[in-house]
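*Asks:* There's a structure below that I have some questions on.
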Amino acid sequence: MTRTVRVGIVGLGMISHRHMTIYRHINEQADQLGFRVEIAAVAEVIPERLKEWAAKYNIDPVNCYVDFHDLLKRNDIDCIDVCVHTNYHVPVSIECMKAGYDVYCEKPAASTYADCKLMLDASEKLGRKLHIQMSSVMTPQSEKARAYMEAGKLGNPYYVNLEVFLQRRRPGYDLPDFPQGFLSKKVAGYGQSVDLGVYVIGQILYILGCPKVASVNGFAGQFVKHDPSRVTIEGGFDVDDTIDGTVRFENGTTFHYLNTSANNLKNYMMTYILGTDGAMELTGTDMAGYKFARPNITDDAGFMGEPEVVFHEAFDDHVTDVPLNCDAEGMAKVAEDPKAMYRYDNQCMWIAYQQGLISEEERINTTELALNQLLITDGMFLSNALGRSVTYDEIIANSPSNYVREQMINGKLYTYDITV
């Protein structure tokens with residue numbers, strides 16, 4: 001029997017359209033997956049956007065709200081999909097959980113460790129399920145890489161390199177289709193160091209089994225020139241465009257992370273893990289939602305290609321490169337059992353988890369991954385401020401809180417209450 005899951009969406013900006021594309025693909029395969037999604041109600045603080053969105057997706061105006069608190073008063077919604085900007089994730093998600101709803105939240109969970117911990121603690125105290133969008137770990141690439149790591153095929157991993165090197169791709173500035181909230185510390189917290197970092201650092205943590213951080217050293221800042229006259233958001237362009245640092249894990253592994261969204265050189269990504277007995281290179285890491293986020297599931301992945309792994313197997317006197325063909329293997333699993341998409345799509349996994357079709361142990365705990373990703377980026381920003389390496393305990397003790405405390409909603413100033 002195919003069950004219907006009624007979802008309420010809070011926030012109807014750019015990312016909500018990707019979520020709707022995924023829900024459409026879920027519904028196209030509802031009988032095979034065991035569930036379909038119905039959008040029960042939506043909320044958006046900008047009335048014009050709310051009206052346009054409702055018309056696009058044929059949502060009855062009676063189910064549309066400017067104030068999401070009115071949506072939360074309903075009794076016919078199974079869970080909430082939070083699609084607001086980063087520094088609104090914490091207050092909106094916690095108030096949704098306080099109203100009795102499980103929450104699926106767009107990435108990043110928050111902009112700091114301290115804020116993400118507030119969300120995680122609230123979900124545990126309230127007994128609500130919380131899941132963070134992290135499509136990079138919901139791929140055959142991540143599944144295969146983790147399996148190879150757990151099987152010991154690399155021996156002891158001693159060095160991880162992760163570089164996201166983008167030439168003039170600042171969302172909201174070089175990429176004008178994105179809202180300028182991405183440029184604002186008040187709205188976004190930080191730049192692509194965190195917004196894309198959740199994908200790539202989260203994936204590495206997942207593959208490595210989330211080892212505990214011992215210390216972090218790093219630098220970060222805004223270095224590439226921009227024209228202030230092109231920036232209209234209050235406060236201007238005040239987030240970083242570059243971050244670079246090194247993490248030492250307690251197990252002895254060293255992890256290097258470089259992310260720049262505005263360099264004057266070139267575009268590339270480079271991710272590899274070196275071990276005593278072998279190595280892995282990851283290419284095309286997903287940062288766009290994988291198959292179900294594309295207009296058609298069979299569409300090409302684009303210039304980066306599908307997420308893949310090349311295993312470099314070491315012998316006594318040489319190394320052999322072995323492409324693992326992760327994407328083809330994963331889609332073969334889906335052809336055999338369509339419910340394999342629970343593992344290869346964020347929203348599929350979320351709905352299956354929220355409905356009890358997969359257990360806490362079976363789902364990927366993206367909230368914990370997001371928390372530990374933010375510990376690392378917090379550490380790099382703190383190290384930059386102090387001019388020295390910082391420890392795990394120092395990072396936690398000094399993690400700032402950036403979430404938005406007040407917001408104009410429907411003409412009134414609303415103060416968020418996240419006490420649980």
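Naming works like this for the structure tokens: A, B, ... for the chains as they're shown, residue 1 at the start of each chain, ligands 1 onward in shown order.
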Using only C-alpha atoms, find each residue of stretch 141-257 of chain A with at least one atom at most 12 Å away from an atom of stretch 72-96 of chain A; report its shortest atom-to-atom pair and that distance in Å (one decimal), sort the rows by chain and rising residue number, and return the result as a Markdown table.
*Replies:*
```
| residue | atom | partner | partner_atom | distance |
| --- | --- | --- | --- | --- |
| A:Phe178 | CA | A:His85 | CA | 11.7 |
| A:Pro179 | CA | A:His85 | CA | 9.9 |
| A:Gln180 | CA | A:His85 | CA | 10.8 |
| A:Gly181 | CA | A:His85 | CA | 7.5 |
| A:Phe182 | CA | A:His85 | CA | 8.4 |
| A:Leu183 | CA | A:His85 | CA | 11.5 |
| A:Ser184 | CA | A:Asn87 | CA | 10.1 |
| A:Lys185 | CA | A:Asn87 | CA | 8.8 |
| A:Lys186 | CA | A:Asn87 | CA | 7.2 |
| A:Val187 | CA | A:Asn87 | CA | 5.4 |
| A:Ala188 | CA | A:Thr86 | CA | 5.1 |
| A:Gly189 | CA | A:Asn87 | CA | 6.4 |
| A:Tyr190 | CA | A:Thr86 | CA | 9.3 |
| A:Gly191 | CA | A:Thr86 | CA | 10.7 |
| A:Gln192 | CA | A:Thr86 | CA | 11.7 |
| A:Val194 | CA | A:Thr86 | CA | 9.9 |
| A:Asp195 | CA | A:Thr86 | CA | 8.4 |
| A:Val198 | CA | A:Thr86 | CA | 11.8 |
```
*Asks:* Output all heavy atoms of each residue in that selection to a file, as a compact mmCIF listing (two decimals), in the first residue's frame.
*Replies:*
```
# COMPACT_ATOMS: atom_id res chain seq x y z
N PHE A 178 21.13 34.03 -7.67
CA PHE A 178 21.04 33.70 -6.24
C PHE A 178 20.72 34.97 -5.45
O PHE A 178 21.15 36.06 -5.80
CB PHE A 178 22.37 33.13 -5.73
CG PHE A 178 22.65 31.73 -6.18
CD1 PHE A 178 23.06 31.46 -7.49
CD2 PHE A 178 22.53 30.66 -5.30
CE1 PHE A 178 23.32 30.17 -7.91
CE2 PHE A 178 22.80 29.36 -5.71
CZ PHE A 178 23.20 29.12 -7.02
N PRO A 179 19.99 34.85 -4.34
CA PRO A 179 19.68 36.03 -3.53
C PRO A 179 20.93 36.56 -2.83
O PRO A 179 21.87 35.82 -2.54
CB PRO A 179 18.67 35.49 -2.51
CG PRO A 179 18.95 34.03 -2.41
CD PRO A 179 19.37 33.62 -3.80
N GLN A 180 20.93 37.85 -2.53
CA GLN A 180 22.10 38.45 -1.90
C GLN A 180 22.24 38.10 -0.42
O GLN A 180 23.23 38.48 0.20
CB GLN A 180 22.07 39.97 -2.09
CG GLN A 180 22.33 40.38 -3.53
CD GLN A 180 22.74 41.84 -3.66
OE1 GLN A 180 22.69 42.62 -2.71
NE2 GLN A 180 23.14 42.22 -4.87
N GLY A 181 21.30 37.35 0.10
CA GLY A 181 21.46 36.85 1.46
C GLY A 181 22.73 36.04 1.63
O GLY A 181 23.30 35.97 2.72
N PHE A 182 23.21 35.42 0.55
CA PHE A 182 24.45 34.65 0.60
C PHE A 182 25.66 35.53 0.92
O PHE A 182 26.70 35.02 1.34
CB PHE A 182 24.69 33.93 -0.72
CG PHE A 182 23.85 32.70 -0.91
CD1 PHE A 182 22.68 32.75 -1.67
CD2 PHE A 182 24.22 31.49 -0.35
CE1 PHE A 182 21.90 31.62 -1.85
CE2 PHE A 182 23.45 30.36 -0.53
CZ PHE A 182 22.28 30.42 -1.28
N LEU A 183 25.53 36.83 0.71
CA LEU A 183 26.65 37.76 0.93
C LEU A 183 26.64 38.35 2.34
O LEU A 183 27.58 39.05 2.72
CB LEU A 183 26.59 38.91 -0.08
CG LEU A 183 26.47 38.53 -1.56
CD1 LEU A 183 26.34 39.79 -2.40
CD2 LEU A 183 27.66 37.70 -2.00
N SER A 184 25.60 38.07 3.10
CA SER A 184 25.35 38.76 4.36
C SER A 184 25.67 37.90 5.58
O SER A 184 25.14 36.79 5.72
CB SER A 184 23.87 39.17 4.42
OG SER A 184 23.48 39.54 5.71
N LYS A 185 26.50 38.43 6.46
CA LYS A 185 26.81 37.71 7.70
C LYS A 185 25.55 37.55 8.56
O LYS A 185 25.36 36.51 9.20
CB LYS A 185 27.89 38.45 8.49
CG LYS A 185 28.36 37.71 9.74
CD LYS A 185 29.54 38.37 10.39
CE LYS A 185 30.01 37.61 11.63
NZ LYS A 185 30.43 36.22 11.35
N LYS A 186 24.68 38.55 8.56
CA LYS A 186 23.46 38.46 9.35
C LYS A 186 22.57 37.32 8.86
O LYS A 186 21.96 36.61 9.67
CB LYS A 186 22.69 39.78 9.28
CG LYS A 186 21.36 39.74 10.02
CD LYS A 186 20.58 41.04 9.86
CE LYS A 186 19.22 40.94 10.55
NZ LYS A 186 18.42 42.19 10.39
N VAL A 187 22.49 37.13 7.56
CA VAL A 187 21.59 36.14 6.98
C VAL A 187 22.25 34.77 6.83
O VAL A 187 21.67 33.74 7.19
CB VAL A 187 21.06 36.62 5.62
CG1 VAL A 187 20.20 35.55 4.95
CG2 VAL A 187 20.28 37.91 5.78
N ALA A 188 23.48 34.76 6.29
CA ALA A 188 24.16 33.50 5.98
C ALA A 188 25.17 33.07 7.03
O ALA A 188 25.52 31.90 7.10
CB ALA A 188 24.85 33.60 4.62
N GLY A 189 25.68 34.00 7.79
CA GLY A 189 26.70 33.68 8.79
C GLY A 189 28.09 33.75 8.22
O GLY A 189 28.92 34.56 8.63
N TYR A 190 28.36 32.89 7.24
CA TYR A 190 29.64 32.85 6.56
C TYR A 190 29.41 32.63 5.07
O TYR A 190 28.27 32.47 4.61
CB TYR A 190 30.52 31.73 7.13
CG TYR A 190 30.87 31.93 8.58
CD1 TYR A 190 30.29 31.12 9.56
CD2 TYR A 190 31.76 32.92 8.99
CE1 TYR A 190 30.59 31.31 10.91
CE2 TYR A 190 32.07 33.11 10.33
CZ TYR A 190 31.48 32.30 11.28
OH TYR A 190 31.77 32.50 12.61
N GLY A 191 30.49 32.57 4.30
CA GLY A 191 30.39 32.38 2.86
C GLY A 191 30.32 30.91 2.48
O GLY A 191 29.83 30.06 3.22
N GLN A 192 30.88 30.60 1.30
CA GLN A 192 30.81 29.23 0.78
C GLN A 192 31.67 28.26 1.60
O GLN A 192 31.55 27.05 1.45
CB GLN A 192 31.23 29.22 -0.68
CG GLN A 192 30.29 30.00 -1.60
CD GLN A 192 28.86 29.51 -1.49
OE1 GLN A 192 28.52 28.46 -2.01
NE2 GLN A 192 28.01 30.24 -0.78
N VAL A 194 31.21 27.52 4.55
CA VAL A 194 30.22 26.73 5.29
C VAL A 194 29.12 26.23 4.37
O VAL A 194 28.72 25.07 4.45
CB VAL A 194 29.63 27.55 6.45
CG1 VAL A 194 28.46 26.83 7.11
CG2 VAL A 194 30.70 27.86 7.49
N ASP A 195 28.63 27.09 3.48
CA ASP A 195 27.48 26.71 2.65
C ASP A 195 27.79 25.53 1.73
O ASP A 195 26.94 24.65 1.53
CB ASP A 195 27.03 27.92 1.82
CG ASP A 195 25.66 27.71 1.21
OD1 ASP A 195 24.70 27.51 1.97
OD2 ASP A 195 25.56 27.72 -0.04
N VAL A 198 29.47 22.16 4.09
CA VAL A 198 28.63 21.10 4.66
C VAL A 198 28.61 19.88 3.74
O VAL A 198 28.58 18.74 4.21
CB VAL A 198 27.20 21.62 4.91
CG1 VAL A 198 26.50 22.02 3.63
CG2 VAL A 198 26.37 20.59 5.66
```
*Asks:* Could you list, with a cut-off of 6 Å and counting only C-alpha atoms, the residues of stretch 159-216 of chain A near stretch 259-283 of chain A, each shown with its nearest atom pair and the distance in Å rounded to one decimal, rows sorted by chain and ascending number, as a tab-separated table?
*Replies:*
```
residue	atom	partner	partner_atom	distance
A:Tyr159	CA	A:Leu274	CA	5.2
A:Val160	CA	A:Ile273	CA	4.5
A:Asn161	CA	A:Tyr272	CA	5.4
A:Leu162	CA	A:Thr271	CA	4.5
A:Glu163	CA	A:Met270	CA	5.1
A:Val164	CA	A:Asn259	CA	4.7
A:Phe165	CA	A:Tyr268	CA	5.2
A:Leu166	CA	A:Asn267	CA	4.6
A:Gln167	CA	A:Asn263	CA	4.7
A:Arg168	CA	A:Ala262	CA	4.0
A:Arg169	CA	A:Ser261	CA	5.3
A:Arg170	CA	A:Ser261	CA	5.5
A:Ser193	CA	A:Asn259	CA	5.8
```
*Asks:* Write out as a VMD selection string which residues come within 9 Å of A:Glu150 when counting only C-alpha atoms, dropping same-chain ones fewer than 3 positions away.
*Replies:* chain A and resid 145 to 147 153 207 to 209
*Asks:* Go ahead and save the picked residues with N, CA, C and O atoms, as an mmCIF file, in the first residue's frame.
*Replies:*
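Result file selection18.cif:
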```cif
data_model
loop_
_atom_site.group_PDB
_atom_site.id
_atom_site.type_symbol
_atom_site.label_atom_id
_atom_site.label_comp_id
_atom_site.auth_asym_id
_atom_site.auth_seq_id
_atom_site.Cartn_x
_atom_site.Cartn_y
_atom_site.Cartn_z
ATOM 1 N N ALA A 145 32.903 4.525 -1.045
ATOM 2 C CA ALA A 145 34.111 5.005 -0.371
ATOM 3 C C ALA A 145 34.118 4.604 1.097
ATOM 4 O O ALA A 145 35.145 4.174 1.637
ATOM 5 N N ARG A 146 32.989 4.726 1.759
ATOM 6 C CA ARG A 146 32.913 4.336 3.164
ATOM 7 C C ARG A 146 33.104 2.831 3.322
ATOM 8 O O ARG A 146 33.783 2.374 4.257
ATOM 9 N N ALA A 147 32.525 2.049 2.406
ATOM 10 C CA ALA A 147 32.678 0.599 2.470
ATOM 11 C C ALA A 147 34.141 0.198 2.315
ATOM 12 O O ALA A 147 34.632 -0.696 3.027
ATOM 13 N N LYS A 153 40.728 -1.313 3.086
ATOM 14 C CA LYS A 153 41.453 -1.414 1.822
ATOM 15 C C LYS A 153 42.533 -0.340 1.664
ATOM 16 O O LYS A 153 43.458 -0.501 0.870
ATOM 17 N N ILE A 207 32.798 9.334 5.383
ATOM 18 C CA ILE A 207 33.670 8.266 4.881
ATOM 19 C C ILE A 207 34.642 7.798 5.963
ATOM 20 O O ILE A 207 34.898 6.599 6.115
ATOM 21 N N LEU A 208 35.152 8.746 6.741
ATOM 22 C CA LEU A 208 36.144 8.418 7.766
ATOM 23 C C LEU A 208 35.518 7.870 9.052
ATOM 24 O O LEU A 208 36.251 7.444 9.955
ATOM 25 N N GLY A 209 34.193 7.909 9.158
ATOM 26 C CA GLY A 209 33.560 7.444 10.378
ATOM 27 C C GLY A 209 33.495 8.503 11.457
ATOM 28 O O GLY A 209 33.377 8.187 12.638
#
```
*Asks:* Which polymer residues have any atom within 10 Å of an atom of A:His131, counting only C-alpha atoms, with same-chain residues fewer than 5 positions away left out, as an MDAnalysis selection string?
*Replies:* chainID A and resid 81 102:107 109 120 123 346:347 349:351 353:354 363:368 370
*Asks:* Atoms to include: N, CA and C atoms. Write the selected residues as a PDB file, in the first residue's frame.
*Replies:*
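Result went into out.pdb, see below:
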```pdb
ATOM      1  N   ASP A  81       9.189  20.915   6.097  1.00  0.00           N
ATOM      2  CA  ASP A  81      10.378  21.088   5.274  1.00  0.00           C
ATOM      3  C   ASP A  81      10.795  22.551   5.378  1.00  0.00           C
ATOM      4  N   ASP A 102       8.100  16.901  13.229  1.00  0.00           N
ATOM      5  CA  ASP A 102       9.430  16.485  12.796  1.00  0.00           C
ATOM      6  C   ASP A 102       9.881  17.434  11.686  1.00  0.00           C
ATOM      7  N   VAL A 103      11.199  17.631  11.576  1.00  0.00           N
ATOM      8  CA  VAL A 103      11.712  18.672  10.664  1.00  0.00           C
ATOM      9  C   VAL A 103      12.807  18.141   9.755  1.00  0.00           C
ATOM     10  N   TYR A 104      12.641  18.432   8.475  1.00  0.00           N
ATOM     11  CA  TYR A 104      13.692  18.267   7.471  1.00  0.00           C
ATOM     12  C   TYR A 104      14.189  19.661   7.131  1.00  0.00           C
ATOM     13  N   CYS A 105      15.478  19.932   7.341  1.00  0.00           N
ATOM     14  CA  CYS A 105      16.013  21.284   7.185  1.00  0.00           C
ATOM     15  C   CYS A 105      17.053  21.346   6.077  1.00  0.00           C
ATOM     16  N   GLU A 106      16.944  22.354   5.253  1.00  0.00           N
ATOM     17  CA  GLU A 106      17.934  22.596   4.201  1.00  0.00           C
ATOM     18  C   GLU A 106      19.303  22.848   4.832  1.00  0.00           C
ATOM     19  N   LYS A 107      20.351  22.586   4.060  1.00  0.00           N
ATOM     20  CA  LYS A 107      21.720  22.797   4.543  1.00  0.00           C
ATOM     21  C   LYS A 107      22.099  24.264   4.443  1.00  0.00           C
ATOM     22  N   ALA A 109      22.976  23.172   8.427  1.00  0.00           N
ATOM     23  CA  ALA A 109      22.079  23.158   9.578  1.00  0.00           C
ATOM     24  C   ALA A 109      22.042  24.525  10.248  1.00  0.00           C
ATOM     25  N   LEU A 120      20.019  20.298  17.611  1.00  0.00           N
ATOM     26  CA  LEU A 120      20.139  18.883  17.957  1.00  0.00           C
ATOM     27  C   LEU A 120      19.609  18.625  19.361  1.00  0.00           C
ATOM     28  N   SER A 123      15.779  18.765  19.390  1.00  0.00           N
ATOM     29  CA  SER A 123      15.138  17.572  18.820  1.00  0.00           C
ATOM     30  C   SER A 123      15.152  16.416  19.809  1.00  0.00           C
ATOM     31  N   ASN A 346      18.211  12.459  -0.439  1.00  0.00           N
ATOM     32  CA  ASN A 346      17.959  13.056   0.868  1.00  0.00           C
ATOM     33  C   ASN A 346      16.507  12.984   1.296  1.00  0.00           C
ATOM     34  N   GLN A 347      15.622  13.459   0.422  1.00  0.00           N
ATOM     35  CA  GLN A 347      14.221  13.540   0.800  1.00  0.00           C
ATOM     36  C   GLN A 347      13.568  12.168   0.853  1.00  0.00           C
ATOM     37  N   MET A 349      15.215   9.483   1.890  1.00  0.00           N
ATOM     38  CA  MET A 349      15.655   8.973   3.181  1.00  0.00           C
ATOM     39  C   MET A 349      14.878   9.639   4.309  1.00  0.00           C
ATOM     40  N   TRP A 350      14.676  10.962   4.201  1.00  0.00           N
ATOM     41  CA  TRP A 350      13.962  11.673   5.245  1.00  0.00           C
ATOM     42  C   TRP A 350      12.540  11.141   5.413  1.00  0.00           C
ATOM     43  N   ILE A 351      11.786  11.035   4.310  1.00  0.00           N
ATOM     44  CA  ILE A 351      10.401  10.576   4.403  1.00  0.00           C
ATOM     45  C   ILE A 351      10.354   9.143   4.940  1.00  0.00           C
ATOM     46  N   TYR A 353      12.513   7.689   6.873  1.00  0.00           N
ATOM     47  CA  TYR A 353      12.884   7.759   8.293  1.00  0.00           C
ATOM     48  C   TYR A 353      11.745   8.344   9.114  1.00  0.00           C
ATOM     49  N   GLN A 354      11.159   9.425   8.656  1.00  0.00           N
ATOM     50  CA  GLN A 354      10.085  10.071   9.398  1.00  0.00           C
ATOM     51  C   GLN A 354       8.880   9.146   9.531  1.00  0.00           C
ATOM     52  N   ARG A 363      19.303   5.050   8.906  1.00  0.00           N
ATOM     53  CA  ARG A 363      19.443   6.338   8.219  1.00  0.00           C
ATOM     54  C   ARG A 363      20.856   6.892   8.463  1.00  0.00           C
ATOM     55  N   ILE A 364      21.282   7.789   7.598  1.00  0.00           N
ATOM     56  CA  ILE A 364      22.538   8.502   7.810  1.00  0.00           C
ATOM     57  C   ILE A 364      22.232   9.712   8.689  1.00  0.00           C
ATOM     58  N   ASN A 365      22.909   9.819   9.812  1.00  0.00           N
ATOM     59  CA  ASN A 365      22.632  10.891  10.762  1.00  0.00           C
ATOM     60  C   ASN A 365      23.320  12.171  10.290  1.00  0.00           C
ATOM     61  N   THR A 366      22.650  12.859   9.396  1.00  0.00           N
ATOM     62  CA  THR A 366      23.238  14.063   8.814  1.00  0.00           C
ATOM     63  C   THR A 366      23.331  15.205   9.825  1.00  0.00           C
ATOM     64  N   THR A 367      22.507  15.175  10.862  1.00  0.00           N
ATOM     65  CA  THR A 367      22.584  16.225  11.884  1.00  0.00           C
ATOM     66  C   THR A 367      23.910  16.147  12.630  1.00  0.00           C
ATOM     67  N   GLU A 368      24.332  14.933  12.987  1.00  0.00           N
ATOM     68  CA  GLU A 368      25.626  14.760  13.658  1.00  0.00           C
ATOM     69  C   GLU A 368      26.780  15.128  12.731  1.00  0.00           C
ATOM     70  N   ALA A 370      26.630  17.307  10.289  1.00  0.00           N
ATOM     71  CA  ALA A 370      26.609  18.763  10.167  1.00  0.00           C
ATOM     72  C   ALA A 370      27.217  19.429  11.400  1.00  0.00           C
TER      73      ALA A 370
END
```
*Asks:* When DSSP is applied to the backbone of this structure, which of stretch 112-338 of chain A are assigned strand (DSSP E or B)? Write them out as an MDAnalysis selection string.
*Replies:* chainID A and resid 130:132 157:167 171 175 213:221 242:249 254:263 268:275 278:283 308:314 319:323
*Asks:* DSSP says helix (DSSP H, G or I) for which residues of stretch 12-154 of chain A? Put them as an MDAnalysis selection string?
*Replies:* chainID A and resid 14:28 30:33 47:57 61:63 68:72 86:98 113:126 135:137 140:150
*Asks:* Residues of stretch 49-142 of chain A that have any atom at most 12 Å from an atom of stretch 319-331 of chain A: could you tabulate them with the shortest-distance atom pair and the distance in Å to one decimal, using only C-alpha atoms, ordered by chain and increasing number, as CSV?
*Replies:*
```
residue,atom,partner,partner_atom,distance
A:Met138,CA,A:Gly330,CA,10.8
A:Thr139,CA,A:Gly330,CA,7.9
A:Pro140,CA,A:Gly330,CA,5.2
A:Gln141,CA,A:Cys326,CA,5.3
A:Ser142,CA,A:Cys326,CA,8.8
```
*Asks:* Just write the chosen residues, all heavy atoms, as an mmCIF file, in the first residue's frame.
*Replies:*
```
data_model
loop_
_atom_site.group_PDB
_atom_site.id
_atom_site.type_symbol
_atom_site.label_atom_id
_atom_site.label_comp_id
_atom_site.auth_asym_id
_atom_site.auth_seq_id
_atom_site.Cartn_x
_atom_site.Cartn_y
_atom_site.Cartn_z
ATOM 1 N N MET A 138 24.556 11.055 0.184
ATOM 2 C CA MET A 138 23.475 10.189 -0.302
ATOM 3 C C MET A 138 23.744 9.754 -1.738
ATOM 4 O O MET A 138 22.904 9.923 -2.619
ATOM 5 C CB MET A 138 22.138 10.929 -0.231
ATOM 6 C CG MET A 138 21.839 11.579 1.087
ATOM 7 S SD MET A 138 21.375 10.388 2.347
ATOM 8 C CE MET A 138 21.174 11.478 3.754
ATOM 9 N N THR A 139 24.917 9.220 -1.994
ATOM 10 C CA THR A 139 25.279 8.805 -3.340
ATOM 11 C C THR A 139 25.998 7.464 -3.298
ATOM 12 O O THR A 139 26.596 7.098 -2.272
ATOM 13 C CB THR A 139 26.226 9.822 -4.004
ATOM 14 O OG1 THR A 139 27.446 9.888 -3.251
ATOM 15 C CG2 THR A 139 25.597 11.206 -4.088
ATOM 16 N N PRO A 140 25.982 6.717 -4.407
ATOM 17 C CA PRO A 140 26.778 5.483 -4.461
ATOM 18 C C PRO A 140 28.269 5.752 -4.241
ATOM 19 O O PRO A 140 28.979 4.887 -3.725
ATOM 20 C CB PRO A 140 26.506 4.965 -5.879
ATOM 21 C CG PRO A 140 25.169 5.526 -6.242
ATOM 22 C CD PRO A 140 25.134 6.886 -5.603
ATOM 23 N N GLN A 141 28.739 6.934 -4.623
ATOM 24 C CA GLN A 141 30.143 7.302 -4.401
ATOM 25 C C GLN A 141 30.495 7.250 -2.912
ATOM 26 O O GLN A 141 31.473 6.614 -2.500
ATOM 27 C CB GLN A 141 30.395 8.709 -4.935
ATOM 28 C CG GLN A 141 31.798 9.246 -4.667
ATOM 29 C CD GLN A 141 31.867 10.766 -4.795
ATOM 30 O OE1 GLN A 141 31.051 11.487 -4.206
ATOM 31 N NE2 GLN A 141 32.821 11.257 -5.587
ATOM 32 N N SER A 142 29.708 7.931 -2.089
ATOM 33 C CA SER A 142 29.989 7.959 -0.651
ATOM 34 C C SER A 142 29.802 6.581 -0.033
ATOM 35 O O SER A 142 30.562 6.178 0.858
ATOM 36 C CB SER A 142 29.083 8.979 0.043
ATOM 37 O OG SER A 142 29.421 10.291 -0.352
#
```
*Asks:* Which residues are near stretch 221-230 of chain A? Cut-off 6 Å, only C-alpha atoms, ignore same chain within fewer than 6 positions. Put them as JSON, numbers by chain.
*Replies:* {"A": [240, 241, 242]}
*Asks:* With N, CA and C atoms retained, could you export that selection as a JSON list (two decimals), in the first residue's frame?
*Replies:*
```json
[["chain", "number", "residue", "atom", "x", "y", "z"],
["A", 240, "ASP", "N", 33.13, 35.83, 4.18],
["A", 240, "ASP", "CA", 34.41, 35.40, 3.63],
["A", 240, "ASP", "C", 34.28, 34.91, 2.20],
["A", 241, "ASP", "N", 35.39, 34.95, 1.45],
["A", 241, "ASP", "CA", 35.42, 34.30, 0.14],
["A", 241, "ASP", "C", 36.50, 33.21, 0.07],
["A", 242, "THR", "N", 37.29, 33.08, 1.14],
["A", 242, "THR", "CA", 38.36, 32.08, 1.15],
["A", 242, "THR", "C", 38.55, 31.54, 2.57]]
```
